[in-house]
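Structure file protein-v4.cif; described as mmCIF, C-alpha atoms.
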```
data_run
#
loop_
_atom_site.label_atom_id
_atom_site.label_comp_id
_atom_site.auth_asym_id
_atom_site.auth_seq_id
_atom_site.Cartn_x
_atom_site.Cartn_y
_atom_site.Cartn_z
CA MET A 19 93.17 54.10 -101.38
CA THR A 20 91.86 51.01 -99.61
CA LEU A 21 88.78 51.19 -97.40
CA THR A 22 89.67 48.01 -95.51
CA PRO A 23 90.63 49.87 -92.28
CA TYR A 24 87.20 51.52 -92.25
CA ARG A 25 85.35 48.27 -92.91
CA GLU A 26 87.25 46.60 -90.08
CA THR A 27 86.63 49.54 -87.74
CA LEU A 28 82.91 49.70 -88.50
CA ALA A 29 82.71 45.96 -87.83
CA LEU A 30 83.80 46.55 -84.23
CA ARG A 31 80.99 46.25 -81.73
CA GLY A 32 79.51 49.58 -80.70
CA ILE A 33 81.31 51.80 -83.24
CA PRO A 34 78.51 52.21 -85.85
CA SER A 35 75.84 53.03 -83.26
CA LEU A 36 78.20 55.43 -81.46
CA LEU A 37 79.03 57.34 -84.66
CA ILE A 38 75.37 57.59 -85.70
CA VAL A 39 74.12 58.79 -82.31
CA ALA A 40 77.07 61.17 -81.81
CA THR A 41 76.62 62.71 -85.27
CA LEU A 42 72.91 63.35 -84.69
CA ALA A 43 73.59 64.61 -81.15
CA ARG A 44 76.06 67.20 -82.41
CA ILE A 45 73.68 68.79 -84.91
CA PRO A 46 71.57 70.83 -82.40
CA ILE A 47 74.75 71.78 -80.50
CA THR A 48 76.39 73.17 -83.65
CA ALA A 49 73.21 75.11 -84.44
CA GLY A 50 73.20 76.84 -81.05
CA ALA A 51 75.61 79.70 -81.75
CA VAL A 52 73.95 80.91 -84.96
CA VAL A 53 70.47 80.57 -83.43
CA LEU A 54 71.54 82.65 -80.43
CA THR A 55 72.97 85.30 -82.78
CA LEU A 56 69.73 85.50 -84.73
CA HIS A 57 67.69 85.73 -81.52
CA VAL A 58 69.71 88.72 -80.28
CA THR A 59 69.58 90.54 -83.62
CA GLN A 60 66.01 89.69 -84.65
CA ASP A 61 64.02 89.28 -81.43
CA LEU A 62 65.93 91.62 -79.12
CA HIS A 63 66.70 94.08 -81.96
CA LEU A 64 70.30 94.55 -80.90
CA GLY A 65 73.50 94.74 -82.94
CA TYR A 66 76.03 92.10 -83.92
CA PHE A 67 78.41 93.25 -81.19
CA GLN A 68 75.85 92.31 -78.54
CA ALA A 69 75.15 89.07 -80.41
CA GLY A 70 78.87 88.32 -80.51
CA LEU A 71 79.13 88.97 -76.78
CA ALA A 72 76.34 86.47 -76.04
CA GLY A 73 77.98 83.96 -78.35
CA ALA A 74 81.31 84.55 -76.64
CA ALA A 75 79.72 83.84 -73.25
CA LEU A 76 78.37 80.54 -74.60
CA THR A 77 81.82 79.67 -76.00
CA ILE A 78 83.72 80.65 -72.85
CA GLY A 79 81.34 78.65 -70.69
CA SER A 80 81.75 75.61 -72.94
CA SER A 81 85.55 75.90 -72.85
CA LEU A 82 85.59 76.08 -69.06
CA GLY A 83 83.01 73.37 -68.55
CA ALA A 84 84.30 70.65 -70.88
CA PRO A 85 87.22 69.52 -68.66
CA VAL A 86 85.02 69.69 -65.55
CA MET A 87 82.31 67.54 -67.17
CA GLY A 88 85.02 65.18 -68.37
CA ARG A 89 86.43 64.83 -64.86
CA LEU A 90 82.93 64.16 -63.49
CA THR A 91 82.53 61.48 -66.13
CA ASP A 92 85.81 59.88 -65.07
CA ARG A 93 84.69 59.81 -61.43
CA LYS A 94 80.93 59.28 -61.52
CA GLY A 95 80.31 57.65 -64.87
CA LEU A 96 78.64 58.89 -68.06
CA ARG A 97 74.93 58.76 -67.26
CA PRO A 98 74.91 61.19 -64.28
CA VAL A 99 76.76 63.76 -66.41
CA LEU A 100 74.39 63.25 -69.34
CA LEU A 101 71.40 63.72 -67.02
CA LEU A 102 72.82 66.92 -65.52
CA THR A 103 73.86 68.54 -68.81
CA THR A 104 70.74 67.54 -70.75
CA ILE A 105 68.41 69.04 -68.14
CA ALA A 106 70.55 72.18 -67.83
CA GLU A 107 70.74 72.79 -71.59
CA VAL A 108 67.06 72.17 -72.22
CA LEU A 109 66.19 74.63 -69.45
CA PHE A 110 68.57 77.21 -70.92
CA TRP A 111 67.22 77.03 -74.46
CA CYS A 112 63.59 76.99 -73.31
CA THR A 113 63.88 79.93 -70.90
CA SER A 114 66.53 82.15 -72.51
CA GLN A 115 64.16 83.39 -75.23
CA ALA A 116 62.18 85.25 -72.53
CA MET A 117 65.22 86.81 -70.83
CA PRO A 118 66.42 90.40 -71.12
CA TYR A 119 69.78 90.76 -72.81
CA TRP A 120 72.19 90.84 -69.85
CA ALA A 121 70.39 87.97 -68.13
CA LEU A 122 70.76 86.08 -71.41
CA VAL A 123 74.53 86.67 -71.42
CA VAL A 124 74.88 85.29 -67.88
CA ALA A 125 72.62 82.36 -68.69
CA ALA A 126 74.66 81.63 -71.84
CA LEU A 127 77.81 81.43 -69.74
CA ILE A 128 76.17 78.94 -67.37
CA GLY A 129 74.49 77.04 -70.19
CA GLY A 130 77.79 76.76 -72.02
CA PHE A 131 79.51 75.48 -68.88
CA LEU A 132 76.88 72.73 -68.61
CA ASN A 133 77.01 71.96 -72.32
CA LEU A 134 76.07 68.40 -73.35
CA PRO A 135 79.51 66.75 -73.85
CA ALA A 136 78.62 64.96 -77.10
CA PHE A 137 81.97 65.75 -78.76
CA SER A 138 84.31 64.65 -75.99
CA VAL A 139 82.16 61.64 -74.99
CA ALA A 140 82.29 60.30 -78.54
CA ARG A 141 86.09 60.53 -78.62
CA GLN A 142 86.43 59.06 -75.15
CA SER A 143 84.22 56.13 -76.15
CA ILE A 144 86.11 55.59 -79.40
CA ALA A 145 89.32 55.21 -77.38
CA ALA A 146 87.57 52.67 -75.15
CA LEU A 147 85.96 50.68 -77.97
CA THR A 148 88.84 50.40 -80.42
CA PRO A 149 92.15 48.56 -80.19
CA GLU A 150 95.22 50.63 -80.97
CA SER A 151 95.40 49.23 -84.51
CA HIS A 152 91.97 50.67 -85.40
CA ARG A 153 92.00 53.88 -83.40
CA LEU A 154 93.27 56.07 -86.23
CA PRO A 155 90.50 55.19 -88.72
CA ALA A 156 87.94 55.44 -85.89
CA PHE A 157 89.03 58.99 -85.06
CA ALA A 158 89.10 59.80 -88.77
CA LEU A 159 85.47 58.71 -89.04
CA ASP A 160 84.68 60.84 -85.98
CA SER A 161 86.35 63.86 -87.59
CA ILE A 162 84.43 63.34 -90.83
CA THR A 163 81.07 62.97 -89.07
CA THR A 164 81.85 66.04 -86.96
CA GLU A 165 82.40 68.03 -90.15
CA LEU A 166 79.05 66.78 -91.45
CA SER A 167 77.40 67.94 -88.21
CA PHE A 168 78.89 71.42 -88.59
CA MET A 169 77.70 71.54 -92.20
CA THR A 170 74.17 70.51 -91.20
CA GLY A 171 73.50 72.12 -87.81
CA PRO A 172 74.00 75.83 -88.55
CA ALA A 173 72.17 75.50 -91.88
CA LEU A 174 69.14 73.94 -90.17
CA GLY A 175 69.26 76.59 -87.43
CA VAL A 176 69.22 79.40 -90.00
CA LEU A 177 66.44 77.69 -91.97
CA ILE A 178 64.16 77.39 -88.93
CA ALA A 179 65.00 80.90 -87.68
CA THR A 180 64.30 82.54 -91.04
CA THR A 181 61.04 80.65 -91.63
CA ALA A 182 59.50 80.20 -88.18
CA GLY A 183 61.47 82.78 -86.19
CA ALA A 184 64.50 82.70 -83.91
CA ARG A 185 62.46 81.78 -80.82
CA ALA A 186 61.09 78.73 -82.62
CA ALA A 187 64.64 77.83 -83.56
CA MET A 188 65.68 78.03 -79.89
CA VAL A 189 62.88 75.61 -78.99
CA ALA A 190 64.03 73.35 -81.81
CA VAL A 191 67.56 73.38 -80.38
CA ALA A 192 66.13 72.46 -76.96
CA VAL A 193 64.18 69.55 -78.44
CA GLY A 194 67.23 68.41 -80.39
CA ILE A 195 69.45 68.47 -77.31
CA LEU A 196 66.79 66.59 -75.31
CA LEU A 197 66.71 63.87 -77.96
CA ALA A 198 70.52 63.87 -78.11
CA GLY A 199 70.84 63.48 -74.35
CA VAL A 200 68.25 60.71 -74.25
CA GLY A 201 69.93 58.95 -77.17
CA LEU A 202 73.35 59.01 -75.51
CA PHE A 203 71.82 58.00 -72.16
CA VAL A 204 70.12 54.97 -73.70
CA LEU A 205 73.18 54.02 -75.76
CA ASN A 206 75.46 54.55 -72.74
CA PRO A 207 78.68 54.02 -74.70
CA PRO A 208 81.59 52.62 -72.67
CA ILE A 209 84.19 55.07 -71.40
CA ARG A 210 86.63 52.34 -70.33
CA GLY A 211 87.90 49.51 -72.50
CA THR A 212 87.26 45.88 -71.58
CA ASP A 213 90.94 45.56 -70.62
CA GLU A 214 90.85 48.73 -68.50
CA ALA A 215 89.85 48.94 -64.85
CA PRO A 216 86.20 50.00 -64.26
CA ILE A 217 85.35 53.19 -62.39
CA SER A 218 85.90 52.78 -58.65
CA ALA A 219 84.69 54.98 -55.81
CA GLY A 220 87.18 57.67 -54.87
CA GLU A 221 89.39 56.98 -57.87
CA ARG A 222 91.58 59.94 -58.72
CA VAL A 223 94.57 60.38 -60.98
CA PRO A 224 96.54 63.58 -60.30
CA ARG A 225 96.87 65.83 -63.33
CA SER A 226 100.63 65.84 -62.84
CA ALA A 227 100.61 62.15 -63.82
CA TRP A 228 99.39 62.91 -67.37
CA LEU A 229 99.14 66.66 -68.05
CA ARG A 230 102.75 66.91 -69.15
CA PRO A 231 104.57 69.20 -71.62
CA ARG A 232 104.00 66.81 -74.52
CA LEU A 233 100.23 66.77 -73.97
CA ILE A 234 100.15 70.56 -73.48
CA ALA A 235 101.97 70.90 -76.80
CA VAL A 236 99.30 68.75 -78.48
CA LEU A 237 96.56 70.95 -76.99
CA ALA A 238 98.37 74.06 -78.29
CA VAL A 239 98.51 72.49 -81.75
CA THR A 240 94.80 71.64 -81.47
CA SER A 241 93.93 75.29 -80.82
CA ALA A 242 96.20 76.41 -83.64
CA VAL A 243 94.49 74.07 -86.11
CA THR A 244 91.00 75.43 -85.42
CA LEU A 245 92.35 79.00 -85.27
CA VAL A 246 93.57 78.57 -88.84
CA LEU A 247 90.24 77.01 -89.85
CA SER A 248 87.97 79.68 -88.38
CA GLY A 249 90.19 82.49 -89.63
CA THR A 250 90.20 80.99 -93.13
CA ASP A 251 86.42 80.75 -93.04
CA VAL A 252 86.08 84.49 -92.40
CA ALA A 253 88.84 85.40 -94.87
CA VAL A 254 87.14 83.48 -97.68
CA VAL A 255 83.96 85.51 -97.21
CA ALA A 256 85.89 88.80 -97.03
CA VAL A 257 88.02 88.14 -100.11
CA LEU A 258 85.05 87.13 -102.25
CA GLN A 259 83.04 90.10 -101.01
CA ALA A 260 85.89 92.46 -101.90
CA GLY A 261 86.11 90.90 -105.37
CA ASP A 262 82.34 91.16 -105.91
CA GLU A 263 82.12 87.36 -106.04
CA VAL A 264 80.29 86.86 -102.75
CA HIS A 265 77.61 84.73 -104.45
CA TRP A 266 80.28 82.04 -104.92
CA THR A 267 80.99 81.82 -101.18
CA GLY A 268 78.89 78.68 -100.68
CA ALA A 269 80.63 76.91 -103.55
CA VAL A 270 84.13 77.77 -102.30
CA LEU A 271 83.35 76.73 -98.71
CA ALA A 272 81.80 73.50 -100.01
CA MET A 273 84.98 72.78 -102.00
CA TRP A 274 87.06 73.45 -98.90
CA ALA A 275 84.90 71.11 -96.81
CA ALA A 276 85.11 68.43 -99.51
CA PHE A 277 88.92 68.67 -99.51
CA SER A 278 88.91 68.21 -95.74
CA LEU A 279 86.56 65.22 -95.89
CA LEU A 280 88.66 63.51 -98.58
CA GLY A 281 91.86 64.26 -96.67
CA GLY A 282 90.39 62.79 -93.48
CA LEU A 283 89.18 59.73 -95.37
CA ALA A 284 92.64 59.15 -96.85
CA TYR A 285 94.42 59.75 -93.54
CA GLY A 286 92.38 57.08 -91.77
CA THR A 287 93.74 54.42 -94.11
CA PHE A 288 97.35 54.93 -92.92
CA LYS A 289 98.76 52.19 -90.73
CA GLN A 290 100.51 54.78 -88.58
CA GLY A 291 99.55 58.41 -88.31
CA PHE A 292 101.69 61.52 -88.09
CA SER A 293 102.25 63.70 -85.07
CA PRO A 294 99.86 66.68 -84.95
CA VAL A 295 102.61 69.28 -85.38
CA ARG A 296 103.77 67.64 -88.60
CA LEU A 297 100.30 68.18 -90.02
CA LEU A 298 99.77 71.67 -88.58
CA ALA A 299 103.00 73.08 -90.04
CA PRO A 300 102.23 72.39 -93.75
CA MET A 301 98.55 73.22 -93.25
CA ALA A 302 99.46 76.65 -91.86
CA LEU A 303 102.16 77.18 -94.48
CA PHE A 304 99.78 76.39 -97.35
CA THR A 305 97.18 78.77 -95.88
CA ILE A 306 99.46 81.84 -95.98
CA PRO A 307 99.45 82.38 -99.78
CA VAL A 308 95.73 81.58 -100.36
CA GLY A 309 94.93 85.30 -100.46
CA LEU A 310 96.92 85.62 -103.70
CA ALA A 311 93.82 84.32 -105.49
CA GLY A 312 92.14 87.65 -104.85
CA GLY A 313 88.46 87.60 -105.70
CA ASN A 314 88.80 84.81 -108.28
CA TRP A 315 86.54 82.16 -106.75
CA TRP A 316 87.77 79.11 -108.65
CA LEU A 317 91.44 79.97 -108.08
CA LEU A 318 90.65 80.55 -104.41
CA GLY A 319 89.08 77.10 -104.25
CA LEU A 320 92.15 75.51 -105.86
CA LEU A 321 94.57 77.29 -103.51
CA LEU A 322 92.55 76.00 -100.56
CA LEU A 323 93.10 72.40 -101.70
CA PRO A 324 96.39 71.52 -99.94
CA ALA A 325 95.54 73.23 -96.64
CA GLY A 326 91.96 71.96 -96.75
CA ALA A 327 93.08 68.37 -97.30
CA LEU A 328 95.06 68.58 -94.05
CA CYS A 329 92.20 69.96 -91.87
CA ALA A 330 90.48 66.72 -90.88
CA PRO A 331 93.78 64.76 -90.62
CA ALA A 332 95.19 67.37 -88.23
CA ILE A 333 92.16 67.24 -85.94
CA THR A 334 92.16 63.43 -86.13
CA ALA A 335 95.83 63.35 -85.16
CA THR A 336 95.28 65.55 -82.11
CA ALA A 337 92.41 63.39 -80.79
CA ASP A 338 94.43 60.23 -81.40
CA ALA A 339 97.46 61.68 -79.61
CA VAL A 340 95.45 62.77 -76.57
CA SER A 341 93.86 59.32 -76.25
CA ARG A 342 97.27 57.63 -76.34
CA MET A 343 98.93 59.98 -73.86
CA THR A 344 96.25 59.73 -71.18
CA PRO A 345 95.42 56.93 -68.72
CA ALA A 346 91.87 55.58 -68.90
CA ALA A 347 91.02 57.00 -65.46
CA ALA A 348 91.65 60.56 -66.72
CA ARG A 349 90.63 60.20 -70.36
CA GLY A 350 87.34 62.04 -69.92
CA GLU A 351 89.00 65.15 -68.52
CA ALA A 352 91.74 64.97 -71.16
CA MET A 353 89.16 64.82 -73.94
CA GLY A 354 87.42 67.73 -72.26
CA TRP A 355 90.63 69.74 -72.47
CA HIS A 356 90.92 68.70 -76.11
CA ASN A 357 87.39 69.95 -76.77
CA SER A 358 88.23 73.22 -74.98
CA ALA A 359 91.34 73.62 -77.12
CA LEU A 360 89.26 73.18 -80.27
CA THR A 361 86.74 75.76 -79.03
CA VAL A 362 89.38 78.32 -78.05
CA GLY A 363 90.97 78.11 -81.49
CA VAL A 364 87.62 78.66 -83.19
CA ALA A 365 86.92 81.65 -80.93
CA LEU A 366 90.29 83.30 -81.64
CA GLY A 367 90.67 82.68 -85.37
CA ALA A 368 87.85 84.84 -86.72
CA PRO A 369 88.67 87.97 -84.62
CA LEU A 370 92.38 87.67 -85.48
CA ALA A 371 91.68 87.48 -89.20
CA GLY A 372 89.13 90.31 -88.89
CA VAL A 373 91.52 92.69 -87.14
CA VAL A 374 94.25 92.12 -89.73
CA MET A 375 91.83 92.41 -92.66
CA ASP A 376 90.43 95.68 -91.30
CA ALA A 377 93.96 97.10 -90.96
CA GLN A 378 95.26 95.78 -94.31
CA THR A 379 93.33 93.97 -97.03
CA PRO A 380 91.18 90.79 -96.94
CA ALA A 381 94.00 88.73 -98.49
CA TRP A 382 96.11 89.31 -95.37
CA GLY A 383 93.61 87.37 -93.25
CA PHE A 384 94.97 84.08 -94.62
CA ALA A 385 98.54 85.17 -93.99
CA ALA A 386 97.71 86.18 -90.40
CA VAL A 387 96.09 82.94 -89.27
CA GLY A 388 98.51 80.82 -91.29
CA GLY A 389 101.43 82.69 -89.74
CA VAL A 390 100.15 82.16 -86.20
CA GLY A 391 99.63 78.46 -86.91
CA LEU A 392 103.16 78.16 -88.26
CA LEU A 393 104.52 80.01 -85.23
CA VAL A 394 102.79 77.57 -82.86
CA ALA A 395 104.24 74.65 -84.84
CA ILE A 396 107.74 76.13 -84.50
CA LEU A 397 107.30 76.76 -80.77
CA VAL A 398 106.22 73.18 -80.01
CA LEU A 399 108.79 71.64 -82.35
CA PRO A 400 111.48 71.30 -79.62
CA THR A 401 109.06 69.13 -77.61
CA GLU A 402 108.42 67.07 -80.72
CA LEU A 403 112.10 66.56 -81.46
CA ARG A 404 112.96 65.84 -77.84
CA ARG A 405 110.26 63.17 -77.50
CA ARG A 406 110.62 61.72 -81.00
CA PRO A 407 114.24 60.94 -81.90
CA HIS A 408 113.00 58.75 -84.79
CA ASP A 409 109.68 57.29 -85.83
CA GLY A 410 110.04 53.78 -84.47
CA ALA A 411 111.29 54.83 -81.05
CA ALA A 412 108.70 57.61 -80.99
CA ALA A 413 105.78 55.26 -81.44
CA GLU A 414 107.10 52.89 -78.80
CA SER A 415 107.73 55.75 -76.35
CA GLU A 416 104.22 57.10 -76.90
CA ARG A 417 102.63 53.71 -76.23
CA ALA A 418 104.71 53.24 -73.10
CA ASP A 419 103.79 56.68 -71.76
CA ALA A 420 100.08 56.07 -72.30
CA GLN A 421 100.07 52.64 -70.72
CA ALA A 422 102.27 53.37 -67.71
CA PRO A 423 99.63 55.08 -65.55
CA ALA A 424 97.12 52.30 -66.21
CA GLU A 425 99.62 49.57 -65.30
CA GLU A 426 100.83 51.37 -62.19
CA PRO A 427 97.79 53.07 -60.62
CA VAL A 428 98.42 56.31 -58.80
CA PRO A 429 97.42 56.04 -55.13
CA VAL A 430 94.10 57.67 -54.24
CA ARG A 431 94.51 60.90 -52.36
#
```

In structure tokens, what does this structure look like?
Amino acid sequence: MTLTPYRETLALRGIPSLLIVATLARIPITAGAVVLTLHVTQDLHLGYFQAGLAGAALTIGSSLGAPVMGRLTDRKGLRPVLLLTTIAEVLFWCTSQAMPYWALVVAALIGGFLNLPAFSVARQSIAALTPESHRLPAFALDSITTELSFMTGPALGVLIATTAGARAAMVAVAVGILLAGVGLFVLNPPIRGTDEAPISAGERVPRSAWLRPRLIAVLAVTSAVTLVLSGTDVAVVAVLQAGDEVHWTGAVLAMWAAFSLLGGLAYGTFKQGFSPVRLLAPMALFTIPVGLAGGNWWLLGLLLLPAGALCAPAITATADAVSRMTPAAARGEAMGWHNSALTVGVALGAPLAGVVMDAQTPAWGFAAVGGVGLLVAILVLPTELRRRPHDGAAAESERADAQAPAEEPVPVR
């Protein structure tokens, strides 16, 4: 495996600083959900159902707000959106610790809606900073650093909450988001490429010009990928707990994350990537039989290898596809929809696996989420076959579709 594509990508102006700032900015955001859960259970002395409801409000708000913040970014520029969301999130995390429960739920919905768009902004900027030849390794690096943020953020949140208390952890999240917002504001990464038209007053691209069946299919695949991931996460814990091997949970999840990181690293070295559905289908298929390992932790880790190695590549492929299918003037909103699709999948995967495992056995959790992922792949396959008669024509068609709106601007209305 050659690392030349990564060296060339990291040599591009603006990419290293963007990846560093975006990675650090995501850490407090990823810590938010677990910190909110611990606040409800420890400080408010309520159950996990109430904690889950507050977390769901935060997730729903984030899913609804990401496309709106992206559209504002397309129209007004990045800095006004960063200013709005940073102030809103800092206020939420500083004041929510003093709220009664139902006020907290409402505030979580609003706070989630005004969530700092660190994830979608990073991907939007990557599309602006990189030529097409280096976009795949750039998105692979983004996927890898995102995984590192998710490995770091929740762990830090739990550490602070269990040592200094959940309220202190909420303040820490507020400080982290403040620093993240300031960092992104100062960096001000470009959201349009040098060869793309700058933001103009009143500019508007109708959704019908880019939100087409092919892009909707990619968003469905995006949700299916994270549904499989979040469901697998819960199923691993349940299977090991049932086999009295729960103390190996950290090791198995670390192996799974390592497989994903290595898979993403390898995928970024390809000259031409695969379509998202062609990565989702085998990933979902390989997930179905993982439960056959039972409570044997090392066998479970080995069975997670093929599906785990496809996790980061699948997410990379979806981000790459969205960036290519969308004109620059609507890329922020499109990346917002992509972020919402990721969030929806995460929100659905764990409950789906949980319901099936409660009705059957823990091993069936893998089969349930893998089966749903495979079903989504089958449902979007006709769109894939219709748009991609063969690889060469497919790549050319995709490039033409992405460039057409930029070359022929849609009239303002």

- If the PyMOL selection byres ((chain A and resi 333-345) around 9) is run on the structure shown, which residues does it catch, given as JSON, numbers by chain? {"A": [141, 142, 145, 150, 153, 154, 155, 157, 158, 159, 160, 161, 223, 227, 228, 229, 232, 233, 236, 237, 239, 240, 243, 244, 282, 285, 286, 291, 292, 293, 294, 295, 297, 328, 329, 330, 331, 332, 346, 347, 348, 349, 352, 353, 356, 360, 416, 417, 418, 419, 420, 421, 422, 423, 424]}

- Query: Residues picked by the PyMOL selection byres ((chain A and resi 173) around 12) here, as a list of chain:residue names?
  - Reply: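 Written out, the selection comes to A:Ile45, A:Pro46, A:Thr48, A:Ala49, A:Gly50, A:Ala51, A:Val52, A:Val53, A:Leu166, A:Ser167, A:Phe168, A:Met169, A:Thr170, A:Gly171, A:Pro172, A:Leu174, A:Gly175, A:Val176, A:Leu177, A:Ile178, A:Ala179, A:Thr180, A:Ala187, A:Gly268.
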
Go through range 146-249 of chain A residue by residue and, counting all atoms listed in the file, keep those with an atom at most 8 Å from range 26-33 of chain A; for each kept residue give the shortest atom pair and its distance in Å to one decimal, ordered by chain and increasing number, as a tab-separated table.
```
residue	atom	partner	partner_atom	distance
A:Leu147	CA	A:Gly32	CA	7.1
A:Thr148	CA	A:Leu30	CA	7.4
A:His152	CA	A:Thr27	CA	5.9
A:Pro155	CA	A:Thr27	CA	6.9
A:Ala156	CA	A:Thr27	CA	6.3
A:Pro207	CA	A:Gly32	CA	7.5
```

Save the residues we just selected, C-alpha atoms, as a PDB file, in the coordinates of the input?
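part28.pdb was written with the following content:
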```pdb
ATOM      1  CA  LEU A 147      85.960  50.680 -77.970  1.00  0.00           C
ATOM      2  CA  THR A 148      88.840  50.400 -80.420  1.00  0.00           C
ATOM      3  CA  HIS A 152      91.970  50.670 -85.400  1.00  0.00           C
ATOM      4  CA  PRO A 155      90.500  55.190 -88.720  1.00  0.00           C
ATOM      5  CA  ALA A 156      87.940  55.440 -85.890  1.00  0.00           C
ATOM      6  CA  PRO A 207      78.680  54.020 -74.700  1.00  0.00           C
TER       7      PRO A 207
END
```

- Between A:Arg44, A:Arg296, A:Lys289, A:Arg25, single out the one closest to Leu196 in chain A, counting only C-alpha atoms. A:Arg44

- Message: Which residue is closest to Glu263 in chain A? Choose from A:Leu318, A:Leu101, A:Val189, A:Met87 and count only C-alpha atoms.
- Response: A:Leu318

- Task: Would you mind telling me which residue in A:Ala385, A:Ala235, A:Leu279, A:Ile162 lies nearest to Pro307 in chain A when using only C-alpha atoms?
- Result: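 Closest to Pro307 in chain A of all the choices is A:Ala385.
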
- Message: Would you pick out the contacts of Met117 in chain A at 12 Å or less, using only C-alpha atoms, so that residues sharing its chain but fewer than 4 positions from it are not included, and give the list as a ChimeraX atom specification?
- Response: /A:57-58,61-62,110-113,121-126,185

Please produce a file of the residues just selected, as a PDB file, keeping the file's coordinate frame, where the atoms kept are C-alpha atoms.
```
ATOM      1  CA  HIS A  57      67.690  85.730 -81.520  1.00  0.00           C
ATOM      2  CA  VAL A  58      69.710  88.720 -80.280  1.00  0.00           C
ATOM      3  CA  ASP A  61      64.020  89.280 -81.430  1.00  0.00           C
ATOM      4  CA  LEU A  62      65.930  91.620 -79.120  1.00  0.00           C
ATOM      5  CA  PHE A 110      68.570  77.210 -70.920  1.00  0.00           C
ATOM      6  CA  TRP A 111      67.220  77.030 -74.460  1.00  0.00           C
ATOM      7  CA  CYS A 112      63.590  76.990 -73.310  1.00  0.00           C
ATOM      8  CA  THR A 113      63.880  79.930 -70.900  1.00  0.00           C
ATOM      9  CA  ALA A 121      70.390  87.970 -68.130  1.00  0.00           C
ATOM     10  CA  LEU A 122      70.760  86.080 -71.410  1.00  0.00           C
ATOM     11  CA  VAL A 123      74.530  86.670 -71.420  1.00  0.00           C
ATOM     12  CA  VAL A 124      74.880  85.290 -67.880  1.00  0.00           C
ATOM     13  CA  ALA A 125      72.620  82.360 -68.690  1.00  0.00           C
ATOM     14  CA  ALA A 126      74.660  81.630 -71.840  1.00  0.00           C
ATOM     15  CA  ARG A 185      62.460  81.780 -80.820  1.00  0.00           C
TER      16      ARG A 185
END
```

- Task: Would you please work out which residue, of A:Ala69, A:Val390, A:Ala284, A:Ala359, is nearest to Met301 in chain A when using all atoms listed in the file?
- Result: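 Distance minimum relative to Met301 in chain A lands on A:Val390.
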
- Carefully work through the PyMOL selection byres ((chain A and resi 306) around 6) for this structure and note down the residues it includes, as a PyMOL selection string. chain A and resi 303-305+307-308+384-385+388

Limited to C-alpha atoms, could you put the picked residues into a file as a PDB file, keeping the file's coordinate frame?
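What ended up in result13.pdb:
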```
ATOM      1  CA  LEU A 303     102.160  77.180 -94.480  1.00  0.00           C
ATOM      2  CA  PHE A 304      99.780  76.390 -97.350  1.00  0.00           C
ATOM      3  CA  THR A 305      97.180  78.770 -95.880  1.00  0.00           C
ATOM      4  CA  PRO A 307      99.450  82.380 -99.780  1.00  0.00           C
ATOM      5  CA  VAL A 308      95.730  81.580-100.360  1.00  0.00           C
ATOM      6  CA  PHE A 384      94.970  84.080 -94.620  1.00  0.00           C
ATOM      7  CA  ALA A 385      98.540  85.170 -93.990  1.00  0.00           C
ATOM      8  CA  GLY A 388      98.510  80.820 -91.290  1.00  0.00           C
TER       9      GLY A 388
END
```

- Task: In Å, rounded to a single decimal, give me how far CA of Ala365 in chain A is from CA of Thr267 in chain A.
- Result: 21.1 Å

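Between CA of Tyr24 in chain A and CA of Thr287 in chain A the separation is 7.4 Å.
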
- Kindly give the distance, in Å, that separates CA of Thr59 in chain A and CA of Leu76 in chain A, rounded to a single decimal.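 Pair CA of Thr59 in chain A / CA of Leu76 in chain A returns 16.1 Å.
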